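Coordinates as given in target_11.pdb (PDB, C-alpha atoms, pLDDT in the B column):
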```pdb
ATOM      1  CA  MET P   1      10.878 137.807  79.873  1.00 55.00           C
ATOM      2  CA  GLY P   2       7.291 139.063  79.719  1.00 62.00           C
ATOM      3  CA  THR P   3       3.919 137.508  80.392  1.00 72.00           C
ATOM      4  CA  ASP P   4       3.527 136.624  76.708  1.00 90.00           C
ATOM      5  CA  THR P   5       6.638 134.435  76.851  1.00 92.00           C
ATOM      6  CA  THR P   6       5.436 132.824  80.075  1.00 94.00           C
ATOM      7  CA  LYS P   7       2.160 131.965  78.345  1.00 94.00           C
ATOM      8  CA  ILE P   8       4.049 130.477  75.378  1.00 95.00           C
ATOM      9  CA  VAL P   9       6.010 128.197  77.714  1.00 95.00           C
ATOM     10  CA  ILE P  10       2.844 127.173  79.573  1.00 95.00           C
ATOM     11  CA  ASP P  11       1.223 126.255  76.250  1.00 96.00           C
ATOM     12  CA  PHE P  12       4.335 124.252  75.305  1.00 96.00           C
ATOM     13  CA  ILE P  13       4.160 122.349  78.588  1.00 96.00           C
ATOM     14  CA  ALA P  14       0.459 121.637  78.088  1.00 94.00           C
ATOM     15  CA  ARG P  15       1.277 120.094  74.706  1.00 94.00           C
ATOM     16  CA  GLU P  16       4.558 118.330  75.353  1.00 93.00           C
ATOM     17  CA  LEU P  17       4.620 117.412  79.045  1.00 92.00           C
ATOM     18  CA  PRO P  18       1.172 117.909  80.558  1.00 91.00           C
ATOM     19  CA  GLN P  19       0.928 117.547  84.321  1.00 86.00           C
ATOM     20  CA  SER P  20      -1.962 115.117  83.992  1.00 82.00           C
ATOM     21  CA  ALA P  21      -0.037 112.626  81.869  1.00 79.00           C
ATOM     22  CA  TRP P  22       3.698 113.336  82.067  1.00 82.00           C
ATOM     23  CA  PRO P  23       5.290 110.910  84.544  1.00 78.00           C
ATOM     24  CA  HIS P  24       8.272 113.078  85.421  1.00 78.00           C
ATOM     25  CA  TRP P  25       6.422 115.660  87.505  1.00 85.00           C
ATOM     26  CA  THR P  26       8.185 114.836  90.758  1.00 82.00           C
ATOM     27  CA  ASP P  27      10.660 116.641  92.990  1.00 81.00           C
ATOM     28  CA  GLY P  28      13.476 114.151  92.486  1.00 83.00           C
ATOM     29  CA  TRP P  29      15.295 112.734  95.505  1.00 90.00           C
ATOM     30  CA  ALA P  30      17.199 115.652  97.002  1.00 85.00           C
ATOM     31  CA  HIS P  31      17.536 113.994 100.427  1.00 91.00           C
ATOM     32  CA  GLU P  32      17.512 110.333  99.428  1.00 95.00           C
ATOM     33  CA  ALA P  33      20.776 109.123  97.913  1.00 96.00           C
ATOM     34  CA  GLU P  34      19.584 105.515  97.672  1.00 97.00           C
ATOM     35  CA  ALA P  35      16.555 106.576  95.633  1.00 96.00           C
ATOM     36  CA  ALA P  36      18.683 108.914  93.508  1.00 96.00           C
ATOM     37  CA  ILE P  37      21.148 106.228  92.463  1.00 97.00           C
ATOM     38  CA  LEU P  38      18.349 103.741  91.780  1.00 96.00           C
ATOM     39  CA  ASP P  39      16.602 106.341  89.622  1.00 94.00           C
ATOM     40  CA  ALA P  40      19.828 107.177  87.770  1.00 94.00           C
ATOM     41  CA  ALA P  41      20.419 103.486  87.073  1.00 95.00           C
ATOM     42  CA  PHE P  42      16.900 102.348  86.174  1.00 94.00           C
ATOM     43  CA  SER P  43      15.848 105.359  84.098  1.00 88.00           C
ATOM     44  CA  ALA P  44      18.711 104.850  81.639  1.00 85.00           C
ATOM     45  CA  ARG P  45      17.287 103.907  78.225  1.00 81.00           C
ATOM     46  CA  ALA P  46      13.965 102.908  79.759  1.00 80.00           C
ATOM     47  CA  ALA P  47      10.457 104.273  80.092  1.00 79.00           C
ATOM     48  CA  TYR P  48      10.226 106.160  83.381  1.00 80.00           C
ATOM     49  CA  GLY P  49       6.750 104.834  84.089  1.00 76.00           C
ATOM     50  CA  THR P  50       4.027 106.124  86.372  1.00 77.00           C
ATOM     51  CA  PRO P  51       4.038 106.535  90.172  1.00 77.00           C
ATOM     52  CA  THR P  52       3.269 102.799  90.433  1.00 82.00           C
ATOM     53  CA  THR P  53       5.345 101.394  87.567  1.00 85.00           C
ATOM     54  CA  GLY P  54       8.854 101.609  86.173  1.00 88.00           C
ATOM     55  CA  VAL P  55      11.487 103.531  88.127  1.00 91.00           C
ATOM     56  CA  ARG P  56       9.223 104.699  90.919  1.00 89.00           C
ATOM     57  CA  ALA P  57       7.931 101.167  91.449  1.00 92.00           C
ATOM     58  CA  VAL P  58      11.543 100.050  91.905  1.00 95.00           C
ATOM     59  CA  ILE P  59      12.092 102.757  94.517  1.00 94.00           C
ATOM     60  CA  THR P  60       8.819 101.899  96.253  1.00 93.00           C
ATOM     61  CA  ARG P  61       9.861  98.235  96.511  1.00 95.00           C
ATOM     62  CA  TRP P  62      13.237  99.251  97.924  1.00 96.00           C
ATOM     63  CA  ARG P  63      11.539 101.542 100.443  1.00 94.00           C
ATOM     64  CA  HIS P  64       9.295  98.652 101.491  1.00 95.00           C
ATOM     65  CA  HIS P  65      12.315  96.386 101.846  1.00 96.00           C
ATOM     66  CA  ARG P  66      14.060  98.952 104.029  1.00 94.00           C
ATOM     67  CA  GLN P  67      10.996  99.051 106.321  1.00 92.00           C
ATOM     68  CA  SER P  68      11.783 102.556 107.451  1.00 82.00           C
ATOM     69  CA  ASP P  69       9.898 105.833 107.472  1.00 83.00           C
ATOM     70  CA  ALA P  70      13.208 107.687 107.362  1.00 87.00           C
ATOM     71  CA  PRO P  71      14.544 109.055 104.063  1.00 92.00           C
ATOM     72  CA  LEU P  72      16.429 106.556 101.909  1.00 95.00           C
ATOM     73  CA  ASP P  73      19.719 108.295 102.520  1.00 96.00           C
ATOM     74  CA  ASN P  74      22.126 105.576 103.640  1.00 96.00           C
ATOM     75  CA  LEU P  75      24.229 104.411 100.712  1.00 97.00           C
ATOM     76  CA  SER P  76      25.677 101.590 102.812  1.00 97.00           C
ATOM     77  CA  ALA P  77      22.268  99.884 102.839  1.00 97.00           C
ATOM     78  CA  LEU P  78      22.336  99.623  99.051  1.00 97.00           C
ATOM     79  CA  ALA P  79      26.078  98.951  98.915  1.00 97.00           C
ATOM     80  CA  ALA P  80      25.492  95.829 101.048  1.00 97.00           C
ATOM     81  CA  PHE P  81      24.097  94.182  97.888  1.00 97.00           C
ATOM     82  CA  ALA P  82      27.194  94.844  95.762  1.00 96.00           C
ATOM     83  CA  GLU P  83      27.938  91.116  95.662  1.00 94.00           C
ATOM     84  CA  ARG P  84      24.289  90.046  95.846  1.00 95.00           C
ATOM     85  CA  GLY P  85      22.978  91.576  92.646  1.00 94.00           C
ATOM     86  CA  ASP P  86      20.533  88.762  91.889  1.00 95.00           C
ATOM     87  CA  GLU P  87      18.991  89.064  95.337  1.00 97.00           C
ATOM     88  CA  LEU P  88      18.584  92.798  94.917  1.00 97.00           C
ATOM     89  CA  ALA P  89      16.985  92.359  91.473  1.00 97.00           C
ATOM     90  CA  VAL P  90      14.373  90.099  93.090  1.00 97.00           C
ATOM     91  CA  ILE P  91      13.693  92.651  95.829  1.00 97.00           C
ATOM     92  CA  LEU P  92      13.290  95.419  93.261  1.00 96.00           C
ATOM     93  CA  GLY P  93      11.194  93.269  90.936  1.00 94.00           C
ATOM     94  CA  ASN P  94      13.227  94.369  87.931  1.00 93.00           C
ATOM     95  CA  ARG P  95      15.910  92.556  85.957  1.00 93.00           C
ATOM     96  CA  GLN P  96      16.627  95.209  83.329  1.00 92.00           C
ATOM     97  CA  ARG P  97      20.278  95.363  82.341  1.00 91.00           C
ATOM     98  CA  VAL P  98      22.586  98.324  81.959  1.00 91.00           C
ATOM     99  CA  PRO P  99      23.673  99.587  78.531  1.00 85.00           C
ATOM    100  CA  GLY P 100      26.292  97.163  77.285  1.00 85.00           C
ATOM    101  CA  ASN P 101      24.565  94.278  79.091  1.00 82.00           C
ATOM    102  CA  TYR P 102      27.314  94.081  81.740  1.00 89.00           C
ATOM    103  CA  SER P 103      24.961  93.406  84.652  1.00 93.00           C
ATOM    104  CA  THR P 104      21.482  94.069  85.915  1.00 96.00           C
ATOM    105  CA  LYS P 105      20.705  97.654  86.799  1.00 96.00           C
ATOM    106  CA  ALA P 106      20.107  96.458  90.348  1.00 97.00           C
ATOM    107  CA  GLU P 107      23.651  95.150  90.659  1.00 97.00           C
ATOM    108  CA  ALA P 108      25.083  98.267  89.023  1.00 97.00           C
ATOM    109  CA  ALA P 109      23.216 100.520  91.472  1.00 97.00           C
ATOM    110  CA  ALA P 110      24.609  98.549  94.411  1.00 97.00           C
ATOM    111  CA  LEU P 111      28.119  98.676  92.951  1.00 98.00           C
ATOM    112  CA  GLY P 112      27.759 102.414  92.409  1.00 97.00           C
ATOM    113  CA  ALA P 113      26.648 102.893  96.006  1.00 98.00           C
ATOM    114  CA  ALA P 114      29.611 100.829  97.213  1.00 98.00           C
ATOM    115  CA  ALA P 115      32.005 102.872  95.075  1.00 98.00           C
ATOM    116  CA  LEU P 116      30.659 106.113  96.560  1.00 98.00           C
ATOM    117  CA  VAL P 117      30.897 104.737 100.090  1.00 98.00           C
ATOM    118  CA  ALA P 118      34.529 103.837  99.372  1.00 97.00           C
ATOM    119  CA  VAL P 119      35.311 107.506  98.628  1.00 97.00           C
ATOM    120  CA  GLY P 120      33.569 108.800 101.735  1.00 96.00           C
ATOM    121  CA  CYS P 121      29.936 109.314 100.725  1.00 96.00           C
ATOM    122  CA  SER P 122      27.196 108.183 103.081  1.00 95.00           C
ATOM    123  CA  GLY P 123      24.223 110.172 101.757  1.00 95.00           C
ATOM    124  CA  CYS P 124      23.061 113.025  99.538  1.00 93.00           C
ATOM    125  CA  ALA P 125      24.896 115.703 101.489  1.00 93.00           C
ATOM    126  CA  ASP P 126      28.212 114.048 100.654  1.00 95.00           C
ATOM    127  CA  ILE P 127      27.732 113.636  96.898  1.00 95.00           C
ATOM    128  CA  GLY P 128      29.321 116.407  94.887  1.00 93.00           C
ATOM    129  CA  ASN P 129      30.540 117.287  91.420  1.00 93.00           C
ATOM    130  CA  THR P 130      34.079 116.060  92.065  1.00 94.00           C
ATOM    131  CA  ASP P 131      36.504 114.000  90.026  1.00 95.00           C
ATOM    132  CA  ALA P 132      36.585 111.345  92.761  1.00 97.00           C
ATOM    133  CA  HIS P 133      32.821 110.923  92.836  1.00 97.00           C
ATOM    134  CA  ARG P 134      32.565 110.936  89.045  1.00 96.00           C
ATOM    135  CA  ALA P 135      35.304 108.292  88.810  1.00 97.00           C
ATOM    136  CA  ALA P 136      33.557 106.182  91.443  1.00 97.00           C
ATOM    137  CA  ILE P 137      30.308 106.045  89.475  1.00 97.00           C
ATOM    138  CA  MET P 138      32.031 105.574  86.134  1.00 96.00           C
ATOM    139  CA  SER P 139      34.027 102.657  87.533  1.00 96.00           C
ATOM    140  CA  VAL P 140      30.811 100.619  87.322  1.00 97.00           C
ATOM    141  CA  PRO P 141      30.495  98.906  83.912  1.00 95.00           C
ATOM    142  CA  GLY P 142      27.480 100.350  82.123  1.00 94.00           C
ATOM    143  CA  PHE P 143      27.548 103.644  84.034  1.00 95.00           C
ATOM    144  CA  GLY P 144      28.853 106.751  82.307  1.00 92.00           C
ATOM    145  CA  THR P 145      28.780 110.531  82.411  1.00 90.00           C
ATOM    146  CA  ARG P 146      25.006 110.641  81.956  1.00 88.00           C
ATOM    147  CA  THR P 147      24.561 108.380  84.982  1.00 93.00           C
ATOM    148  CA  PHE P 148      26.714 110.637  87.145  1.00 94.00           C
ATOM    149  CA  ASP P 149      25.016 113.800  85.886  1.00 91.00           C
ATOM    150  CA  ALA P 150      21.630 112.259  86.665  1.00 90.00           C
ATOM    151  CA  LEU P 151      22.744 111.233  90.144  1.00 94.00           C
ATOM    152  CA  LEU P 152      23.953 114.761  90.899  1.00 93.00           C
ATOM    153  CA  PHE P 153      20.758 116.394  89.669  1.00 90.00           C
ATOM    154  CA  LEU P 154      18.502 113.931  91.465  1.00 90.00           C
ATOM    155  CA  SER P 155      20.536 114.412  94.638  1.00 89.00           C
ATOM    156  CA  GLY P 156      19.883 118.147  94.517  1.00 86.00           C
ATOM    157  CA  THR P 157      23.078 119.452  92.880  1.00 87.00           C
ATOM    158  CA  LEU P 158      22.500 121.763  89.924  1.00 84.00           C
ATOM    159  CA  THR P 159      25.683 121.563  87.851  1.00 86.00           C
ATOM    160  CA  PRO P 160      26.602 123.792  84.886  1.00 87.00           C
ATOM    161  CA  ASP P 161      25.624 120.893  82.594  1.00 87.00           C
ATOM    162  CA  SER P 162      22.174 120.712  84.197  1.00 89.00           C
ATOM    163  CA  VAL P 163      21.733 124.488  83.916  1.00 91.00           C
ATOM    164  CA  GLU P 164      22.646 124.243  80.229  1.00 93.00           C
ATOM    165  CA  LEU P 165      20.093 121.464  79.734  1.00 93.00           C
ATOM    166  CA  LEU P 166      17.380 123.541  81.409  1.00 94.00           C
ATOM    167  CA  THR P 167      18.409 126.555  79.343  1.00 95.00           C
ATOM    168  CA  ARG P 168      17.950 124.590  76.137  1.00 95.00           C
ATOM    169  CA  PHE P 169      14.516 123.516  77.368  1.00 95.00           C
ATOM    170  CA  ALA P 170      13.497 127.089  78.153  1.00 96.00           C
ATOM    171  CA  THR P 171      14.794 128.287  74.772  1.00 96.00           C
ATOM    172  CA  GLU P 172      12.798 125.630  72.924  1.00 95.00           C
ATOM    173  CA  ALA P 173       9.673 126.083  75.028  1.00 95.00           C
ATOM    174  CA  ALA P 174       9.740 129.854  74.527  1.00 94.00           C
ATOM    175  CA  GLY P 175      10.220 129.459  70.779  1.00 94.00           C
ATOM    176  CA  SER P 176      13.202 131.798  70.981  1.00 92.00           C
ATOM    177  CA  ALA P 177      15.337 132.180  67.870  1.00 90.00           C
ATOM    178  CA  GLU P 178      18.317 133.063  70.081  1.00 92.00           C
ATOM    179  CA  PRO P 179      19.577 130.888  72.960  1.00 92.00           C
ATOM    180  CA  LEU P 180      18.499 132.203  76.350  1.00 93.00           C
ATOM    181  CA  GLY P 181      21.062 132.893  79.036  1.00 91.00           C
ATOM    182  CA  GLY P 182      21.152 130.759  82.166  1.00 88.00           C
ATOM    183  CA  ALA P 183      19.791 133.487  84.442  1.00 90.00           C
ATOM    184  CA  GLU P 184      17.099 134.371  81.896  1.00 91.00           C
ATOM    185  CA  ALA P 185      16.023 130.732  81.617  1.00 93.00           C
ATOM    186  CA  THR P 186      15.952 130.285  85.394  1.00 91.00           C
ATOM    187  CA  SER P 187      13.820 133.405  85.817  1.00 92.00           C
ATOM    188  CA  LEU P 188      11.431 132.259  83.081  1.00 94.00           C
ATOM    189  CA  LEU P 189      10.979 128.795  84.598  1.00 94.00           C
ATOM    190  CA  ALA P 190      10.352 130.350  88.018  1.00 94.00           C
ATOM    191  CA  ALA P 191       7.645 132.564  86.523  1.00 94.00           C
ATOM    192  CA  VAL P 192       6.065 129.589  84.766  1.00 95.00           C
ATOM    193  CA  ALA P 193       6.095 127.533  87.983  1.00 94.00           C
ATOM    194  CA  ALA P 194       4.339 130.374  89.805  1.00 95.00           C
ATOM    195  CA  GLU P 195       1.666 130.585  87.090  1.00 94.00           C
ATOM    196  CA  LEU P 196       1.150 126.804  87.196  1.00 93.00           C
ATOM    197  CA  ASN P 197       1.066 126.896  91.006  1.00 93.00           C
ATOM    198  CA  VAL P 198       3.699 124.174  91.319  1.00 92.00           C
ATOM    199  CA  PRO P 199       6.997 124.222  93.220  1.00 90.00           C
ATOM    200  CA  ALA P 200       9.885 125.467  91.106  1.00 90.00           C
ATOM    201  CA  THR P 201      11.782 122.256  91.933  1.00 89.00           C
ATOM    202  CA  THR P 202       8.969 120.168  90.467  1.00 90.00           C
ATOM    203  CA  LEU P 203       8.911 122.085  87.190  1.00 92.00           C
ATOM    204  CA  THR P 204      12.711 122.046  87.043  1.00 92.00           C
ATOM    205  CA  HIS P 205      12.733 118.272  87.455  1.00 90.00           C
ATOM    206  CA  ALA P 206      10.066 117.765  84.770  1.00 91.00           C
ATOM    207  CA  ALA P 207      11.848 120.108  82.353  1.00 94.00           C
ATOM    208  CA  TRP P 208      15.218 118.459  82.984  1.00 91.00           C
ATOM    209  CA  ARG P 209      13.751 114.990  82.396  1.00 88.00           C
ATOM    210  CA  TYR P 210      11.961 116.098  79.239  1.00 91.00           C
ATOM    211  CA  GLN P 211      15.026 117.699  77.684  1.00 91.00           C
ATOM    212  CA  ARG P 212      17.335 114.880  78.749  1.00 87.00           C
ATOM    213  CA  THR P 213      15.012 112.316  77.174  1.00 85.00           C
ATOM    214  CA  ALA P 214      14.665 114.387  73.999  1.00 86.00           C
ATOM    215  CA  GLU P 215      18.443 114.570  73.629  1.00 83.00           C
ATOM    216  CA  GLN P 216      19.167 110.961  74.563  1.00 73.00           C
ATOM    217  CA  PRO P 217      21.249 109.259  71.877  1.00 60.00           C
ATOM    218  CA  ARG P 218      19.112 106.950  69.791  1.00 48.00           C
ATOM    219  CA  ARG P 219      20.071 103.288  69.827  1.00 45.00           C
ATOM    220  CA  PRO P 220      20.669 102.000  66.283  1.00 40.00           C
ATOM    221  CA  ALA P 221      17.792  99.995  64.858  1.00 39.00           C
ATOM    222  CA  LYS P 222      18.509  96.577  63.414  1.00 37.00           C
ATOM    223  CA  SER P 223      17.836  97.991  59.967  1.00 34.00           C
ATOM    224  CA  ASP P 224      20.310 100.847  60.352  1.00 34.00           C
ATOM    225  CA  PRO P 225      23.378 100.534  58.097  1.00 36.00           C
ATOM    226  CA  VAL P 226      26.604  99.490  59.764  1.00 32.00           C
ATOM    227  CA  PRO P 227      29.154 102.323  59.601  1.00 33.00           C
ATOM    228  CA  ALA P 228      32.177 101.631  57.417  1.00 34.00           C
ATOM    229  CA  MET P 229      35.380 100.946  59.298  1.00 29.00           C
TER     230      MET P 229
END
```

Re-express the file's structure as structure tokens.
Amino acid sequence: MGTDTTKIVIDFIARELPQSAWPHWTDGWAHEAEAAILDAAFSARAAYGTPTTGVRAVITRWRHHRQSDAPLDNLSALAAFAERGDELAVILGNRQRVPGNYSTKAEAAALGAAALVAVGCSGCADIGNTDAHRAAIMSVPGFGTRTFDALLFLSGTLTPDSVELLTRFATEAAGSAEPLGGAEATSLLAAVAAELNVPATTLTHAAWRYQRTAEQPRRPAKSDPVPAM
């Protein structure tokens, strides 16, 4: 891809997800499994917020509760609240509920952490794109494939699904009539990150969030017709 395409993508970013206003310009939580699972749980069907509100406020409160300067990478600490969901919701200052209204997101995050611990995960380095780990997360009512995909990405694992999501972003941002290939999209995003003088991981995270949000299934409005059975 040439410099003209890079400029087109930069202009798209300035319009659609400007660095000054877009809340998703972060690096994710590649070495903090506790933060990653909290993010995956609390960002579902919710506004992500700013560095001091929404999801990141939840993670900040959890970090304060942990009273540690070390990375939040001990799933057992979160799993300890699997049967104390109300207490955890108070600590996190958030009582949002998971899709389906099965529990609070706080309780679901703790249950998810406990399920991962049960299959041998202690931190980010242990979480992988395996059937066992996917089943562990999806065993939590209200958690699904999107939750697991988010957890993997936020933990630092770039799966084929995530690459495809980023490829669709790059294709749209470049205004390409033909879908870009994965390698082509990766190269383009790297060039854009260099031009913007931001880490490639930061741009990748922002692009992934943007595209994921854009493609999120819309919840039916009360006025929407009920499908015929």

Could you list, as a PDB file with C-alpha atoms, keeping the file's coordinate frame, every residue matched by the PyMOL selection byres ((chain P and resi 18-29) around 6) in this structure?
```pdb
ATOM      1  CA  ILE P  13       4.160 122.349  78.588  1.00 96.00           C
ATOM      2  CA  ALA P  14       0.459 121.637  78.088  1.00 94.00           C
ATOM      3  CA  LEU P  17       4.620 117.412  79.045  1.00 92.00           C
ATOM      4  CA  ALA P  30      17.199 115.652  97.002  1.00 85.00           C
ATOM      5  CA  HIS P  31      17.536 113.994 100.427  1.00 91.00           C
ATOM      6  CA  GLU P  32      17.512 110.333  99.428  1.00 95.00           C
ATOM      7  CA  ALA P  36      18.683 108.914  93.508  1.00 96.00           C
ATOM      8  CA  THR P  50       4.027 106.124  86.372  1.00 77.00           C
ATOM      9  CA  LEU P 154      18.502 113.931  91.465  1.00 90.00           C
ATOM     10  CA  SER P 155      20.536 114.412  94.638  1.00 89.00           C
ATOM     11  CA  THR P 201      11.782 122.256  91.933  1.00 89.00           C
ATOM     12  CA  THR P 202       8.969 120.168  90.467  1.00 90.00           C
ATOM     13  CA  ALA P 206      10.066 117.765  84.770  1.00 91.00           C
TER      14      ALA P 206
END
```

message = Here's the selection I'm unsure about, the PyMOL selection byres ((chain P and resi 183-189) around 12); applied to the file above, which residues does it give, as number ranges by chain?
response = P: 1-10, 13, 158, 160, 162-174, 176, 178-182, 190-208

request  = Please measure the separation of CA of Ala150 in chain P and CA of Ala44 in chain P, giving the value in Å to one decimal.
outcome  =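 Separation between CA of Ala150 in chain P and CA of Ala44 in chain P: 9.4 Å.
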
query = Care to translate the PyMOL selection byres ((chain P and resi 138) around 12) into actual residues of this file, as a PyMOL selection string?
reply = chain P and resi 41+108-109+111-113+115-116+131-137+139-149+151

message = One number please: CA of Asp86 in chain P to CA of Phe153 in chain P, in Å, one decimal.
response = 27.7 Å

query = Excluding same-chain residues fewer than 2 positions from Gln96 in chain P, what lies within 9 Å of it counting only C-alpha atoms, as a VMD selection string?
reply = chain P and resid 42 46 89 94 98 103 to 106

Any chance you could work out the axis-aligned box around range 174-192 of chain P, listed atoms only, 4 Å on each side, giving centre and edge lengths in Å to one decimal, as lines of an AutoDock Vina configuration file?
```
center_x = 13.6
center_y = 131.6
center_z = 77.9
size_x = 23.1
size_y = 13.6
size_z = 28.1
```

key: Residue list as a ChimeraX atom specification for point (19.3, 93.9, 96.9), cut-off 9 Å, only C-alpha atoms   = /P:62,65,77-82,84-92,106-107,110

Taking C-alpha atoms for each residue, export the selection above as a short mmCIF file (atom, residue, chain, number, x, y, z; two decimals), keeping the file's coordinate frame.
```cif
data_model
loop_
_atom_site.label_atom_id
_atom_site.label_comp_id
_atom_site.auth_asym_id
_atom_site.auth_seq_id
_atom_site.Cartn_x
_atom_site.Cartn_y
_atom_site.Cartn_z
CA TRP P 62 13.24 99.25 97.92
CA HIS P 65 12.32 96.39 101.85
CA ALA P 77 22.27 99.88 102.84
CA LEU P 78 22.34 99.62 99.05
CA ALA P 79 26.08 98.95 98.92
CA ALA P 80 25.49 95.83 101.05
CA PHE P 81 24.10 94.18 97.89
CA ALA P 82 27.19 94.84 95.76
CA ARG P 84 24.29 90.05 95.85
CA GLY P 85 22.98 91.58 92.65
CA ASP P 86 20.53 88.76 91.89
CA GLU P 87 18.99 89.06 95.34
CA LEU P 88 18.58 92.80 94.92
CA ALA P 89 16.98 92.36 91.47
CA VAL P 90 14.37 90.10 93.09
CA ILE P 91 13.69 92.65 95.83
CA LEU P 92 13.29 95.42 93.26
CA ALA P 106 20.11 96.46 90.35
CA GLU P 107 23.65 95.15 90.66
CA ALA P 110 24.61 98.55 94.41
#
```

query = When you draw a straight line from CA of Ala125 in chain P to CA of Ser43 in chain P, how long is it in Å?
reply =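 Result for CA of Ala125 in chain P versus CA of Ser43 in chain P: 22.2 Å, one decimal.
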
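Proximity ranking of P:Arg97, P:Arg56, P:Arg61, P:Arg209 relative to Asp39 in chain P places P:Arg56 first, based on only C-alpha atoms.
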
key: For Arg63 in chain P, the nearest of the candidates P:Val119, P:Ala47, P:Ala214, P:Ala35, counting all atoms listed in the file   =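 Closest to Arg63 in chain P of all the choices is P:Ala35.
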